[in-house]
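The structure appears right after this line, and notes come after that.
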Amino acid sequence: MYRKTSEVMINLASNDNSQVNFCNLLTKPVEIYVFIDPLCPECWSLEPYIRKLAIEYGCYFKLRPIVTGNIADLNFKPSRRKQRLANSWDRVANRTGMSCDGDLWYENPIHSPWTALLAIKAAEMQGQRLGSRFLRKLQEYLFLDKKNITDVPVLIEIADKVNLDVEEFKKDIYSTTAERALQCDLKLTREMEVEQVPTIVMFNREEDQDGLKVSGLHNYETYEKALFEVMEREARPSIKPCLEDFLSHFNFVASKEVAVVFDWPIEKAEKEMKKLQLAGKVGKVPVKYGTFWKYHSNAVKSHS
């Protein structure tokens with residue numbers, strides 16, 4: 001039996017990066033650094049596992065996204081590599097279930113990712129939660145809509161979508177503050193010897209010990225075990241929210257994210273979402289691989 005909304009979601013907004021958090025611990029002992037390249041399909045495919053980890057154990061950790069990537073390589077990709085990149089994106093989508101459309105590299109190739117990275121740091125200047133929403137929306141624009149997220153008008157559109165102060169955002173993109181913040185992320189990447197994305201590094205802030213690094217994309221159990229190892233004990237996961245609470249908080253999700261979070265086969269996830277579609281509570285958004293769903297904000301929730 002799922003808890004009612006008022007009980008389950010009471011601590012939802014306590015995390016800076018809009019994680020779902022169902023515990024009431026005042027001090028979170030673990031800090032998790034997530035090193036991501038926003039143009040990397042494997043980093044995009046990490047999303048379902050991060051969301052599940054936050055739902056089940058978000059009361060034990062604070063999450064800090066670190067923007068990184070091979071900037072020099074991204075800025076100067078020769079045209080002959082378009083096919084390799086497109087094929088790579090399509091393979092990742094087939095393998096992970098998180099759609100990323102490789103046709104972008106033929107139709108709307110990325111030329112200057114540095115601007116997108118600065119935009120992420122500019123968004124974070126308005127708060128970590130808004131920064132995380134901006135990053136997520138930027139990835140949706142890139143991997144699903146094939147938008148060139150290095151074009152400033154596109155970045156401004158994303159800022160508006162996630163309710164940033166657009167005028168402040170326009171100024172902050174070109175500010176020395178955003179530049180310094182990005183340089184700090186790149187420096188931290190070097191200092192922690194992160195050579196692959198995505199990479200997660202976990203620290204126990206209550207213990208004087210080295211962090212635990214998990215490089216590459218893995219299954220959920222790998223991240224869960226790493227968290228337990230850093231905490232030096234296992235923890236009972238929080239009770240999951242009902243599906244509609246999950247959807248109303250995140251608003252736009254993949255069938256893969258629903259399947260991972262609720263421990264369902266993808267077929268069951270699709271079936272449950274189609275029930276909500278028939279009830280007029282979500283809209284189906286077909287993409288190249290799989291399906292995304294948009295929650296209708298005016299929908300009347302039902303709980304069991």
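Here's how to read the names in the structure tokens: chain A, B, ... by the order shown, residue numbers from 1 in each chain, ligand numbers from 1 in the order shown.
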
Got a sec: who's within 12 Å of stretch 277-285 of chain A, counting only C-alpha atoms, leaving out chain neighbours fewer than 5 positions off, as a PyMOL selection string? chain A and resi 99+140+144-145+243-245+247-248+251-255+270-272+290-302

Shell of 8 Å around A:Arg64, only C-alpha atoms, local chain residues under 3 positions omitted, as a list in words: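 The residues satisfying every condition are Asn17, Glu31, Ile32, Tyr33 and Val34 of chain A.
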
Residues within 7 Å of stretch 39-41 of chain A, only C-alpha atoms, excluding chain neighbours under 6 positions, as a ChimeraX atom specification: /A:89,92,100

I need the residues of stretch 91-259 of chain A that end up classed as strand (DSSP E) by DSSP on the backbone, written out as a ChimeraX atom specification. /A:199-204,212-215,252-254

Tell me which protein, DNA and RNA residues are within 7 Å of stretch 217-219 of chain A, counting only C-alpha atoms, leaving out same-chain ones fewer than 6 positions away, and put them as a CSV table (one decimal) with C-alpha atoms, in the first residue's frame.
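Below you can see selection-v2.csv, which holds the result:
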```csv
chain,number,residue,atom,x,y,z
A,42,GLU,CA,25.6,7.3,-21.4
A,46,LEU,CA,22.1,7.3,-16.0
A,198,PRO,CA,29.5,9.1,-16.3
```

Considering only alpha helix (DSSP H) as DSSP defines it on the backbone, what residues of stretch 36-223 of chain A qualify? List them as a PyMOL selection string. chain A and resi 41-45+47-57+71-75+82-96+104-107+113-124+128-143+152-161+166-173+176-191+220-223

A:Cys43 surroundings by only C-alpha atoms, 12 Å radius, close-in-sequence under 2 positions cut, as a PyMOL selection string: chain A and resi 34-41+45-50+65-69+89+92-93+96+98+100+135-136+139+143+196-200+215-218

Write the selection just made, keeping C-alpha atoms, as a PDB file, in the first residue's frame?
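Written output follows (selection.pdb):
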```pdb
ATOM      1  CA  VAL A  34      28.100  12.930 -10.471  1.00  0.00           C
ATOM      2  CA  PHE A  35      30.496  13.774 -13.292  1.00  0.00           C
ATOM      3  CA  ILE A  36      28.555  14.187 -16.509  1.00  0.00           C
ATOM      4  CA  ASP A  37      28.993  15.441 -20.018  1.00  0.00           C
ATOM      5  CA  PRO A  38      25.561  16.793 -21.049  1.00  0.00           C
ATOM      6  CA  LEU A  39      26.246  15.670 -24.627  1.00  0.00           C
ATOM      7  CA  CYS A  40      27.068  12.092 -23.577  1.00  0.00           C
ATOM      8  CA  PRO A  41      24.280   9.527 -24.187  1.00  0.00           C
ATOM      9  CA  SER A  45      21.043   6.922 -19.638  1.00  0.00           C
ATOM     10  CA  LEU A  46      22.142   7.275 -16.007  1.00  0.00           C
ATOM     11  CA  GLU A  47      19.017   9.329 -15.225  1.00  0.00           C
ATOM     12  CA  PRO A  48      16.678   6.432 -14.262  1.00  0.00           C
ATOM     13  CA  TYR A  49      19.190   5.082 -11.732  1.00  0.00           C
ATOM     14  CA  ILE A  50      19.893   8.463 -10.160  1.00  0.00           C
ATOM     15  CA  PRO A  65      26.384  17.362 -10.554  1.00  0.00           C
ATOM     16  CA  ILE A  66      29.791  18.197 -12.011  1.00  0.00           C
ATOM     17  CA  VAL A  67      29.938  19.287 -15.650  1.00  0.00           C
ATOM     18  CA  THR A  68      32.831  17.819 -17.586  1.00  0.00           C
ATOM     19  CA  GLY A  69      33.707  16.245 -20.921  1.00  0.00           C
ATOM     20  CA  TRP A  89      23.980   7.299 -29.989  1.00  0.00           C
ATOM     21  CA  VAL A  92      23.278   3.416 -26.589  1.00  0.00           C
ATOM     22  CA  ALA A  93      19.548   4.065 -26.995  1.00  0.00           C
ATOM     23  CA  THR A  96      19.685   1.358 -22.364  1.00  0.00           C
ATOM     24  CA  MET A  98      16.720   5.954 -22.962  1.00  0.00           C
ATOM     25  CA  CYS A 100      18.804   9.529 -28.010  1.00  0.00           C
ATOM     26  CA  LEU A 135      20.213  20.434 -17.235  1.00  0.00           C
ATOM     27  CA  ARG A 136      17.449  17.865 -17.569  1.00  0.00           C
ATOM     28  CA  GLN A 139      19.210  16.916 -22.339  1.00  0.00           C
ATOM     29  CA  PHE A 143      18.552  13.730 -27.214  1.00  0.00           C
ATOM     30  CA  GLN A 196      35.314   8.467 -18.102  1.00  0.00           C
ATOM     31  CA  VAL A 197      31.738   9.726 -18.007  1.00  0.00           C
ATOM     32  CA  PRO A 198      29.489   9.125 -16.337  1.00  0.00           C
ATOM     33  CA  THR A 199      31.451   8.716 -13.113  1.00  0.00           C
ATOM     34  CA  ILE A 200      30.055   8.824  -9.595  1.00  0.00           C
ATOM     35  CA  SER A 215      33.183   4.811 -13.462  1.00  0.00           C
ATOM     36  CA  GLY A 216      30.945   4.099 -16.420  1.00  0.00           C
ATOM     37  CA  LEU A 217      27.285   3.160 -16.709  1.00  0.00           C
ATOM     38  CA  HIS A 218      26.161   0.240 -14.524  1.00  0.00           C
TER      39      HIS A 218
END
```

Find the residue from A:Ala181, A:Leu142, A:Leu212, A:Leu130 that sits nearest to A:Trp105; use only C-alpha atoms when measuring. A:Leu142

Using only C-alpha atoms, find each residue of stretch 22-114 of chain A with at least one atom at most 12 Å away from an atom of stretch 228-231 of chain A; report its shortest atom-to-atom pair and that distance in Å (one decimal), sort the rows by chain and rising residue number, and return the result as a tab-separated table.
```
residue	atom	partner	partner_atom	distance
A:Lys28	CA	A:Met231	CA	10.5
A:Pro29	CA	A:Met231	CA	7.6
A:Val30	CA	A:Met231	CA	7.1
A:Glu31	CA	A:Val230	CA	9.8
A:Ile32	CA	A:Val230	CA	10.3
A:Leu53	CA	A:Phe228	CA	11.5
A:Tyr57	CA	A:Phe228	CA	10.0
A:Tyr60	CA	A:Met231	CA	8.7
A:Phe61	CA	A:Met231	CA	9.8
```

For A:Glu179, which of A:Lys268, A:Lys121, A:Arg81, A:Lys256 is the closest residue, counting only C-alpha atoms?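 Of A:Lys268, A:Lys121, A:Arg81, A:Lys256, the one nearest A:Glu179 is A:Lys121, counting only C-alpha atoms.
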
List the spatial neighbours of stretch 153-162 of chain A as an mmCIF file with C-alpha atoms, in the first residue's frame - criterion: any atom at most 10 Å away, only C-alpha atoms, same-chain residues fewer than 2 positions off excluded.
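Result written to around05.cif:
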```
data_model
loop_
_atom_site.group_PDB
_atom_site.id
_atom_site.type_symbol
_atom_site.label_atom_id
_atom_site.label_comp_id
_atom_site.auth_asym_id
_atom_site.auth_seq_id
_atom_site.Cartn_x
_atom_site.Cartn_y
_atom_site.Cartn_z
ATOM 1 C CA THR A 115 28.363 27.640 -24.566
ATOM 2 C CA ALA A 116 25.994 24.918 -23.325
ATOM 3 C CA ALA A 119 24.672 27.942 -19.639
ATOM 4 C CA ILE A 120 24.360 25.087 -17.129
ATOM 5 C CA ALA A 122 24.634 30.152 -15.306
ATOM 6 C CA ALA A 123 21.391 28.327 -14.502
ATOM 7 C CA LEU A 130 16.691 25.233 -11.027
ATOM 8 C CA GLY A 131 20.121 24.305 -12.357
ATOM 9 C CA SER A 132 19.219 20.619 -12.277
ATOM 10 C CA ARG A 133 15.918 21.279 -14.017
ATOM 11 C CA PHE A 134 17.725 23.281 -16.683
ATOM 12 C CA LEU A 135 20.213 20.434 -17.235
ATOM 13 C CA ARG A 136 17.449 17.865 -17.569
ATOM 14 C CA LYS A 137 15.489 20.002 -20.026
ATOM 15 C CA LEU A 138 18.661 20.670 -22.018
ATOM 16 C CA GLU A 140 15.613 16.432 -23.476
ATOM 17 C CA TYR A 141 16.052 19.097 -26.146
ATOM 18 C CA LYS A 147 17.870 20.731 -30.970
ATOM 19 C CA ASN A 148 21.258 22.410 -31.137
ATOM 20 C CA ILE A 149 21.649 23.198 -27.451
ATOM 21 C CA THR A 150 24.693 25.347 -28.139
ATOM 22 C CA ASP A 151 22.556 28.014 -29.858
ATOM 23 C CA LEU A 164 14.530 30.809 -14.669
ATOM 24 C CA ASP A 165 14.830 34.580 -14.540
ATOM 25 C CA VAL A 166 15.617 34.840 -18.241
ATOM 26 C CA GLU A 167 17.156 38.301 -18.133
ATOM 27 C CA PHE A 169 20.322 34.082 -17.242
ATOM 28 C CA LYS A 170 21.236 36.014 -20.400
ATOM 29 C CA ILE A 173 25.970 33.037 -19.482
#
```

Residue neighbourhood A:Leu104, 8 Å, only C-alpha atoms, exclusion window fewer than 5 positions, as JSON, numbers by chain: {"A": [86, 109, 146, 147]}

Atomic separation - atom CA of A:Ser238 relative to atom CA of A:Glu56, Å: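 These two atoms are separated by 4.7 Å.
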